[in-house]
Structure formats: structure tokens, C-alpha cells
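Here's the structure we're looking at; comments come further down.
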Amino acid sequence: MQEITRYDFKKKPKKSNFLMYPLKWIAAYPYLWTRGFKCKKVNMEGLKPPYLLLCNHGSTMDYRMMFRSIAPYNPNYVVALDGIRDNGEFIMRLFGTIGKRKFIHDLSLIRNLKYCVNELKTIVCIYPEARYSFDGTTSYLPDSLGSLARMLGVPVVVLNMRGNFLSCPQWNKIHKKVPLEATLTQIATAEEVKNLPAGEINMWIHQALIYDDFRYQQDNHIRIAHPQRAFGLNRLLYQCAHCGTEYQMNAQGIHLWCDACNKKWELTEYGELKALEGETIFSHIPDWYRWERQNVRNEVRNGTYRFEREVDVETLPNAKRFYKQGIGKLLHTVEVLRLECMAYGKKKLLELSPQALESVHIEYDYKKLGDSLDISEHDDSFWIHPKNVKDVITKIALATEEIHAFALENSPKLRRTKA
């Protein structure tokens with residue numbers, strides 16, 4: 001059997017190399033200038049590193065906007081392992097990155113964050129949603145952020161960015177020229193972090209990270225006239241709001257439609273849905289998405305939710321390459337998420353309980369290989385591509401979060417741990 005090298009998460013991060021600053025400047029400043037980027041700073045006067053920086057996560061624009069907003073300081077920032085793999089570990093460490101697998105509890109990450117604020121005296125930057133927003137609003141946020149802030153003992157700053165999602169939604173990875181803006185706010189001083197309960201800090205963080213990019217577009221009359229602006233919207237809006245059928249939605253050009261009932265909508269230049277005939281039902285895309293979530297919640301709570309399918313499996317044990325593992329079987333119910341497959345020539349059974357899995361990372365048309373689901377354990381990540389089905393991963397992601405929330409409600413001990 002081939003010897004597999006695992007990523008070493010205990011490796012201490014480095015300060016961003018000073019030679020990287022000009023590269024960041026070239027990547028960020030000219031591009032953001034063309035977008036008219038502005039950053040409003042609140043309670044930031046006199047604040048210097050170290051501090052904890054929490055950012056919302058809309059698209060690949062985020063890194064440019066973050067760098068510009070906190071200049072002239074360089075952060076250490078948490079990056080998922082696939083992001084390190086895409087750019088190379090050597091280069092990414094020069095930029096000051098801290099490696100992480102998504103949606104697992106990682107003591108090495110805590111140690112590395114402490115090392116950055118206590119020894120390197122740097123800003124530590126985290127995107128707590130841990131994946132790009134699907135609908136331009138706040139995604140799942142863990143309840144442990146207040147506890148993390150208390151553990152680090154430094155000021156908490158939130159960067160709330162707008163226009164980043166509209167520029168390149170994950171279901172439509174076509175870059176569009178959209179005005180960008182951000183607000184950089186110190187929401188808690190070091191003294192407040194020391195004295196306030198974790199739950200209150202967590203509430204402040206959650207409130208500061210609320211955003212809605214489609215509302216931002218409409219309130220500011222931002223026109224997006226791209227002829228393919230609706231392409232891929234069926235990946236997000238997989239259930240017809242008119243007839244309720246799942247996985248029969250399609251989108252092309254400026255239109256979204258259902259193949260089951262033939263209901264059709266236009267995505268207007270100002271980000272609203274408009275039915276070509278009859279009632280629109282949902283004009284605001286996040287409202288449609290929330291309706292899908294509510295339907296999934298109902299399935300979870302009445303015990304009818306179930307997904308079972310053959311999947312193509314790849315693994316990412318390190319930041320160097322993916323390893324193809326052939327065909328496996330994925331089962332997802334209210335009781336368990338179970339993956340059966342081969343891994344490096346041996347049978348593998350990965351089982352995760354609702355309590356253990358808060359959320360899951362998904363990618364639409366990842367690397368042109370189709371929709372993907374990323375499920376991790378501490379020493380490996382399993383990238384799963386459902387076979388012979390379309391648009392199923394959004395529902396799996398919603399179900400994972402709703403199953404975890406349901407388990408939390410029914411487990412007083414777990415609920416106290418999260419508080």
C-alpha cells in the first residue's frame with residue numbers, strides 16, 4: 001500500500017513574509033479601485049495587533065477586501081486545506097496561513113491561534129462561516145465564537161463585506177463588476193472580552209456578521225445586466241416554490257424554471273425574481289432558500305429525511321494532491337452520516353453522529369468535476385461526488401445543520417457545552 005503523508009497541523013504558523021506585501025498590494029489595490037471599494041471603520045482608532053478578526057465569506061473577493069481593510073497590517077489567517085493545496089503549502093505559509101479541515105474540532109488550531117496572538121503579536125483572521133455563502137446572507141455560525149474570543153483574550157473585530165457575494169456567487173462563478181464596500185468594527189475591547197460571558201460576546205459577533213447582499217443590491221440600485229446572471233441558480237433553489245418538486249429546477253441566461261410544472265421566473269437586473277406568468281411567490285432569493293430550509297427542518301423533525309446514493313470518492317490527506325478512491329456509498333439520516341468506501345486499498349467506514357457534525361462544506365461544480373461534498377475527520381478529508389443525480393448537495397448541507405440543531409435541542413448536556 002502507498003505510504004500517505006498526512007498534513008501536520010501542529011506546525012507553527014509564521015508571520016506573513018514582508019516580501020508578500022507588494023504581491024498582496026498588486027492583487028488587491030488596483031482591482032478594488034475599479035470597484036470603488038470603501039471601508040468604513042468603527043471604534044478602530046488606535047487599535048493595533050494583536051486582535052481577532054472575523055469576516056463574512058461571500059466569494060474570492062473577500063481576501064482582497066480583507067487585506068485592504070486592515071492595511072498596513074498583515075494577518076495570520078485560517079485557510080482550509082483545499083485552499084492551501086490549490087496554491088501550494090510553501091507559498092501559503094509565506095502568506096501567514098494556518099491550515100484547517102472544515103467543520104471538525106481542532107485543538108491544534110486553538111494552539112496556533114494562541115501562538116499568533118501571544119508570540120507573533122499578529123491579527124488572526126477567521127471566516128467563521130467556513131464556506132462561501134450560498135444565498136448572499138449569513139451562513140451557519142458556530143456558538144463557540146464567544147468562547148474562542150475569551151480564550152484568546154484580545155479585542156474582537158468584525159469585517160462585514162458587501163458586494164463580494166454578488167460579484168461571484170458560488171452557483172454562478174462568473175465575475176461581475178459590482179461596487180464593493182465594507183465596515184470594519186471593533187465590537188469588543190480586550191477588557192470586555194476578559195469580563196463579559198462568552199454567550200454575550202457570541203451574540204455580539206452573530207449580530208455584527210448579519211448581511212444580505214441581494215438587499216444591498218436593491219437598496220443601492222446596483223444593476224447587474226450580465227446575460228448569464230441566473231445560470232446555476234437551480235443549484236441553490238433546487239425545490240420548485242410553485243409545485244414543490246425537488247431537483248427538477250433548471251436555469252440558463254436570465255431565467256429559472258421548473259421542468260415538472262413549467263413555472264418560469266426571470267432574475268432581474270436588480271437581483272429580484274419575477275414570475276413570467278402568475279404569482280411570483282418569492283421575489284427575494286434568500287426567502288426562497290429559507291423556505292427550502294424550513295421544508296428540510298420539517299423532514300428532519302418528522303423523521304422522514306433520508307439520502308442514500310452511490311458516490312465517487314476522493315481523499316485529501318495533505319495539501320499536495322487528491323487521491324481517487326473509486327465508488328462508495330453515502331447514507332444520511334437523522335441518526336447518522338455514514339460513508340462506506342475504499343481508502344488507500346482498505347475498506348473505510350466513516351460514521352458521524354448529529355452531535356459531532358455541525359455543518360458540512362459543499363462546492364458547486366468543484367474543479368469542473370461536478371458538485372462536491374467535503375466531510376472530514378482529523379487526518380483526512382473525503383470529497384464526495386454524488387452519482388447520477390443533480391442539485392442534491394444544498395439539501396444535504398441544510399439537513400446536516402438542521403439535524404445538528406435538533407440533536408442539540410434534545411441533548412441538555414450538549415446544549416450546556418455549547419453555551
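Please note that chains go A, B, ... in the order of the C-alpha cells, that every chain numbers its residues from 1, and that ligands are numbered from 1 in the order shown.
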
Using only C-alpha atoms, which protein or nucleic acid residues come within 12 Å of His206 of chain A? Drop anything in the same chain fewer than 6 positions from it, and give the result as a VMD selection string. chain A and resid 54 to 56 128 to 129 138 to 146 158 160 187 199 to 200

I need the alpha helix (DSSP H) residues of segment 162-223 of chain A per DSSP on the backbone, written as a ChimeraX atom specification. /A:164-167,190-195,198-208,213-219

If you run DSSP over the backbone, which residues in segment 104-322 of chain A end up strand (DSSP E)? Put them as a compact mmCIF listing (two decimals) with N, CA and C atoms, in the first residue's frame.
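Below is the file that was written, states_29.txt:
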```txt
# COMPACT_ATOMS: atom_id res chain seq x y z
N ILE A 123 -2.58 39.89 13.94
CA ILE A 123 -4.02 39.72 13.76
C ILE A 123 -4.26 38.28 13.35
N VAL A 124 -5.24 37.63 13.96
CA VAL A 124 -5.65 36.31 13.47
C VAL A 124 -7.01 36.45 12.81
N CYS A 125 -7.07 36.06 11.56
CA CYS A 125 -8.27 36.25 10.74
C CYS A 125 -8.96 34.92 10.52
N ILE A 126 -10.25 34.89 10.80
CA ILE A 126 -11.06 33.68 10.62
C ILE A 126 -12.32 34.05 9.85
N VAL A 156 -11.93 41.95 19.73
CA VAL A 156 -12.63 41.27 18.64
C VAL A 156 -13.07 42.31 17.62
N VAL A 157 -12.70 42.08 16.36
CA VAL A 157 -13.04 42.97 15.26
C VAL A 157 -13.80 42.18 14.21
N VAL A 158 -14.85 42.79 13.66
CA VAL A 158 -15.64 42.13 12.61
C VAL A 158 -15.54 42.95 11.33
N LEU A 159 -15.24 42.27 10.23
CA LEU A 159 -15.25 42.88 8.90
C LEU A 159 -16.48 42.35 8.16
N ASN A 160 -17.46 43.23 7.97
CA ASN A 160 -18.69 42.87 7.26
C ASN A 160 -18.61 43.46 5.86
N MET A 161 -18.49 42.58 4.86
CA MET A 161 -18.28 43.00 3.47
C MET A 161 -19.57 42.88 2.68
N ARG A 162 -19.75 43.80 1.73
CA ARG A 162 -20.94 43.81 0.89
C ARG A 162 -20.55 43.96 -0.58
N GLU A 181 -18.07 47.39 -0.74
CA GLU A 181 -17.86 48.20 0.45
C GLU A 181 -17.77 47.28 1.66
N ALA A 182 -17.27 47.83 2.76
CA ALA A 182 -17.12 47.03 3.98
C ALA A 182 -17.18 47.94 5.19
N THR A 183 -17.48 47.33 6.33
CA THR A 183 -17.42 48.02 7.62
C THR A 183 -16.53 47.21 8.55
N LEU A 184 -15.50 47.86 9.07
CA LEU A 184 -14.55 47.22 9.99
C LEU A 184 -14.82 47.77 11.39
N THR A 185 -15.30 46.91 12.29
CA THR A 185 -15.77 47.37 13.59
C THR A 185 -15.11 46.59 14.73
N GLN A 186 -14.55 47.32 15.69
CA GLN A 186 -14.14 46.68 16.94
C GLN A 186 -15.40 46.53 17.79
N ILE A 187 -15.84 45.29 17.97
CA ILE A 187 -17.10 45.07 18.70
C ILE A 187 -16.87 44.76 20.17
N ALA A 188 -15.63 44.41 20.53
CA ALA A 188 -15.32 44.14 21.94
C ALA A 188 -13.86 44.44 22.21
N MET A 249 -35.46 21.71 -11.11
CA MET A 249 -35.25 23.11 -11.48
C MET A 249 -34.08 23.22 -12.45
N ASN A 250 -34.16 24.20 -13.34
CA ASN A 250 -33.08 24.49 -14.26
C ASN A 250 -32.95 25.99 -14.43
N ALA A 251 -31.76 26.43 -14.82
CA ALA A 251 -31.52 27.86 -15.00
C ALA A 251 -30.54 28.08 -16.14
N GLN A 252 -30.80 29.10 -16.91
CA GLN A 252 -29.93 29.46 -18.03
C GLN A 252 -30.21 30.91 -18.38
N HIS A 255 -33.08 33.27 -16.78
CA HIS A 255 -34.30 32.59 -16.35
C HIS A 255 -34.04 31.37 -15.47
N LEU A 256 -35.00 31.11 -14.59
CA LEU A 256 -35.06 29.92 -13.73
C LEU A 256 -36.43 29.29 -13.96
N TRP A 257 -36.46 27.96 -14.13
CA TRP A 257 -37.74 27.32 -14.39
C TRP A 257 -37.78 25.91 -13.81
N CYS A 258 -39.01 25.39 -13.69
CA CYS A 258 -39.24 24.04 -13.18
C CYS A 258 -39.67 23.14 -14.33
N LYS A 264 -41.95 29.54 -14.58
CA LYS A 264 -40.71 30.19 -15.01
C LYS A 264 -40.57 31.57 -14.37
N TRP A 265 -39.35 31.89 -13.98
CA TRP A 265 -39.04 33.18 -13.37
C TRP A 265 -37.90 33.86 -14.13
N GLU A 266 -37.86 35.17 -14.05
CA GLU A 266 -36.72 35.96 -14.53
C GLU A 266 -35.97 36.53 -13.33
N LEU A 267 -34.64 36.44 -13.37
CA LEU A 267 -33.81 37.14 -12.38
C LEU A 267 -33.51 38.52 -12.95
N LEU A 273 -36.47 38.10 -8.25
CA LEU A 273 -37.13 37.12 -9.10
C LEU A 273 -38.53 37.61 -9.45
N LYS A 274 -38.91 37.38 -10.70
CA LYS A 274 -40.22 37.82 -11.18
C LYS A 274 -40.80 36.73 -12.06
N ALA A 275 -41.96 36.20 -11.68
CA ALA A 275 -42.60 35.14 -12.47
C ALA A 275 -43.05 35.70 -13.81
N ARG A 306 -34.00 11.43 4.42
CA ARG A 306 -33.07 10.34 4.11
C ARG A 306 -32.44 10.61 2.74
N PHE A 307 -31.11 10.44 2.68
CA PHE A 307 -30.40 10.48 1.40
C PHE A 307 -29.48 9.27 1.35
N GLU A 308 -29.57 8.51 0.29
CA GLU A 308 -28.72 7.33 0.11
C GLU A 308 -28.36 7.22 -1.36
N ARG A 309 -27.06 7.18 -1.63
CA ARG A 309 -26.65 7.20 -3.03
C ARG A 309 -25.22 6.69 -3.18
N GLU A 310 -24.93 6.15 -4.37
CA GLU A 310 -23.54 5.89 -4.73
C GLU A 310 -22.84 7.21 -5.01
N VAL A 311 -21.57 7.26 -4.63
CA VAL A 311 -20.80 8.49 -4.79
C VAL A 311 -19.39 8.15 -5.27
N ASP A 312 -18.80 9.06 -6.02
CA ASP A 312 -17.38 8.98 -6.32
C ASP A 312 -16.63 9.64 -5.17
N VAL A 313 -15.54 9.01 -4.74
CA VAL A 313 -14.83 9.49 -3.55
C VAL A 313 -13.39 9.83 -3.89
N GLU A 314 -12.96 10.99 -3.43
CA GLU A 314 -11.56 11.38 -3.44
C GLU A 314 -11.17 11.76 -2.01
N THR A 315 -9.90 11.60 -1.69
CA THR A 315 -9.44 11.99 -0.36
C THR A 315 -8.34 13.04 -0.47
```

For Ala80 of chain A, list every protein, DNA or RNA residue within 9 Å, evaluated using only C-alpha atoms, and leave out those in the same chain fewer than 4 positions away; present the list as a count of residues only. 8

Among listed residues A:Asp62, A:Glu377, A:Asp135, A:Glu409, nearest Gln355 of chain A (using only C-alpha atoms):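 The answer is A:Glu409, which sits nearest to Gln355 of chain A.
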
Do a neighbour search on Thr97 of chain A at 8 Å with only C-alpha atoms, toss out local chain neighbours closer than 6 positions, and write the hits as a short mmCIF file (atom, residue, chain, number, x, y, z; two decimals) with N, CA and C atoms, in the first residue's frame.
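Full text of result-v3.cif as output:
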```cif
data_model
loop_
_atom_site.label_atom_id
_atom_site.label_comp_id
_atom_site.auth_asym_id
_atom_site.auth_seq_id
_atom_site.Cartn_x
_atom_site.Cartn_y
_atom_site.Cartn_z
N PRO A 13 2.60 28.39 12.75
CA PRO A 13 2.49 29.36 11.66
C PRO A 13 3.61 30.39 11.73
N LYS A 14 3.83 31.06 10.62
CA LYS A 14 4.83 32.11 10.54
C LYS A 14 4.15 33.45 10.28
N SER A 16 3.45 36.65 8.15
CA SER A 16 3.47 36.84 6.71
C SER A 16 4.79 37.47 6.30
N ASN A 76 -2.27 36.67 10.25
CA ASN A 76 -2.25 35.22 10.05
C ASN A 76 -3.70 34.81 9.87
N TYR A 77 -3.99 34.03 8.86
CA TYR A 77 -5.40 33.70 8.63
C TYR A 77 -5.60 32.22 8.37
N VAL A 78 -6.75 31.75 8.84
CA VAL A 78 -7.09 30.34 8.74
C VAL A 78 -7.58 30.03 7.33
N VAL A 79 -7.00 28.98 6.75
CA VAL A 79 -7.36 28.57 5.39
C VAL A 79 -7.61 27.07 5.38
#
```

Out of A:Tyr132, A:Phe95, A:Phe214, A:Phe37, which residue has the shortest atom-to-atom distance to Gly58 of chain A when counting only C-alpha atoms? A:Tyr132

Leaving out Asn87 of chain A and any residue of its chain fewer than 4 positions from it, which residues lie within 10 Å of it when counting only C-alpha atoms, given as number ranges by chain? A: 82-83, 91-92, 319-320

Keeping N, CA and C atoms for every residue in the selection just given, could you write it to a file as an mmCIF file, in the first residue's frame?
```cif
data_model
loop_
_atom_site.group_PDB
_atom_site.id
_atom_site.type_symbol
_atom_site.label_atom_id
_atom_site.label_comp_id
_atom_site.auth_asym_id
_atom_site.auth_seq_id
_atom_site.Cartn_x
_atom_site.Cartn_y
_atom_site.Cartn_z
ATOM 1 N N ASP A 82 -7.922 22.487 1.316
ATOM 2 C CA ASP A 82 -8.025 22.511 -0.148
ATOM 3 C C ASP A 82 -7.544 23.842 -0.703
ATOM 4 N N GLY A 83 -7.730 24.939 0.042
ATOM 5 C CA GLY A 83 -7.214 26.227 -0.398
ATOM 6 C C GLY A 83 -5.698 26.270 -0.381
ATOM 7 N N ILE A 91 4.086 28.531 -0.517
ATOM 8 C CA ILE A 91 3.643 29.904 -0.774
ATOM 9 C C ILE A 91 2.650 30.357 0.287
ATOM 10 N N MET A 92 1.703 29.480 0.616
ATOM 11 C CA MET A 92 0.662 29.869 1.565
ATOM 12 C C MET A 92 1.230 30.131 2.958
ATOM 13 N N ALA A 319 -1.818 18.634 1.838
ATOM 14 C CA ALA A 319 -2.048 19.806 0.996
ATOM 15 C C ALA A 319 -1.401 19.666 -0.378
ATOM 16 N N LYS A 320 -1.097 18.418 -0.776
ATOM 17 C CA LYS A 320 -0.395 18.205 -2.035
ATOM 18 C C LYS A 320 -1.305 17.766 -3.173
#
```

Residues at most 12 Å from Pro286 of chain A, counting only C-alpha atoms, excluding those fewer than 6 positions away in the same chain, as an MDAnalysis selection string? chainID A and resid 133:139 211:215 233 236:237 271:273 292:293

Need the shell around Ala71 of chain A: protein/DNA/RNA residues with any atom at most 12 Å away, counting only C-alpha atoms. Skip same-chain ones fewer than 5 positions apart. Format as a ChimeraX atom specification? /A:21-22,24-25,28-29,39,48-49,64-66,123,184

Output C-alpha atoms for every residue in the selection just made, as an mmCIF file, in the first residue's frame.
```cif
data_model
loop_
_atom_site.group_PDB
_atom_site.id
_atom_site.type_symbol
_atom_site.label_atom_id
_atom_site.label_comp_id
_atom_site.auth_asym_id
_atom_site.auth_seq_id
_atom_site.Cartn_x
_atom_site.Cartn_y
_atom_site.Cartn_z
ATOM 1 C CA TYR A 21 3.160 42.561 0.935
ATOM 2 C CA PRO A 22 3.860 44.001 -2.544
ATOM 3 C CA LYS A 24 -0.889 41.451 -1.945
ATOM 4 C CA TRP A 25 -0.919 45.138 -2.817
ATOM 5 C CA ALA A 28 -5.826 43.983 -4.104
ATOM 6 C CA TYR A 29 -5.473 47.726 -4.611
ATOM 7 C CA CYS A 39 -14.163 50.624 4.079
ATOM 8 C CA LYS A 48 -3.133 47.731 16.805
ATOM 9 C CA PRO A 49 -2.472 43.980 16.625
ATOM 10 C CA ARG A 64 -8.572 41.343 -1.337
ATOM 11 C CA MET A 65 -11.135 43.277 0.692
ATOM 12 C CA MET A 66 -9.798 41.961 3.992
ATOM 13 C CA ILE A 123 -4.017 39.720 13.765
ATOM 14 C CA LEU A 184 -14.554 47.217 9.990
#
```

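Closest approach to Leu352 of chain A among A:Arg338, A:His221, A:Ile104, A:Phe9: A:Arg338, based on only C-alpha atoms.
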
What's the separation between atom CA of Gly232 of chain A and atom CA of Trp171 of chain A, in Å to one decimal place? 5.0 Å

Just how far from atom CA of Tyr247 of chain A is atom CA of Asn234 of chain A, in Å to one decimal?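 Calculated distance between atom CA of Asn234 of chain A and atom CA of Tyr247 of chain A is 8.1 Å.
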
What does the distance from atom CA of His332 of chain A to atom CA of Leu81 of chain A come to in Å, to one decimal?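 Interatomic distance, atom CA of His332 of chain A to atom CA of Leu81 of chain A: 24.2 Å.
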
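Shortest separation to His105 of chain A among A:His378, A:Lys194, A:Lys347, A:Arg290 occurs at residue A:His378, atoms counted being only C-alpha atoms.
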
Measuring between only C-alpha atoms, which one of A:Asp86, A:Glu401, A:Glu269, A:Asp380 shows the shortest distance to Tyr7 of chain A?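 Distance minimum relative to Tyr7 of chain A lands on A:Asp380.
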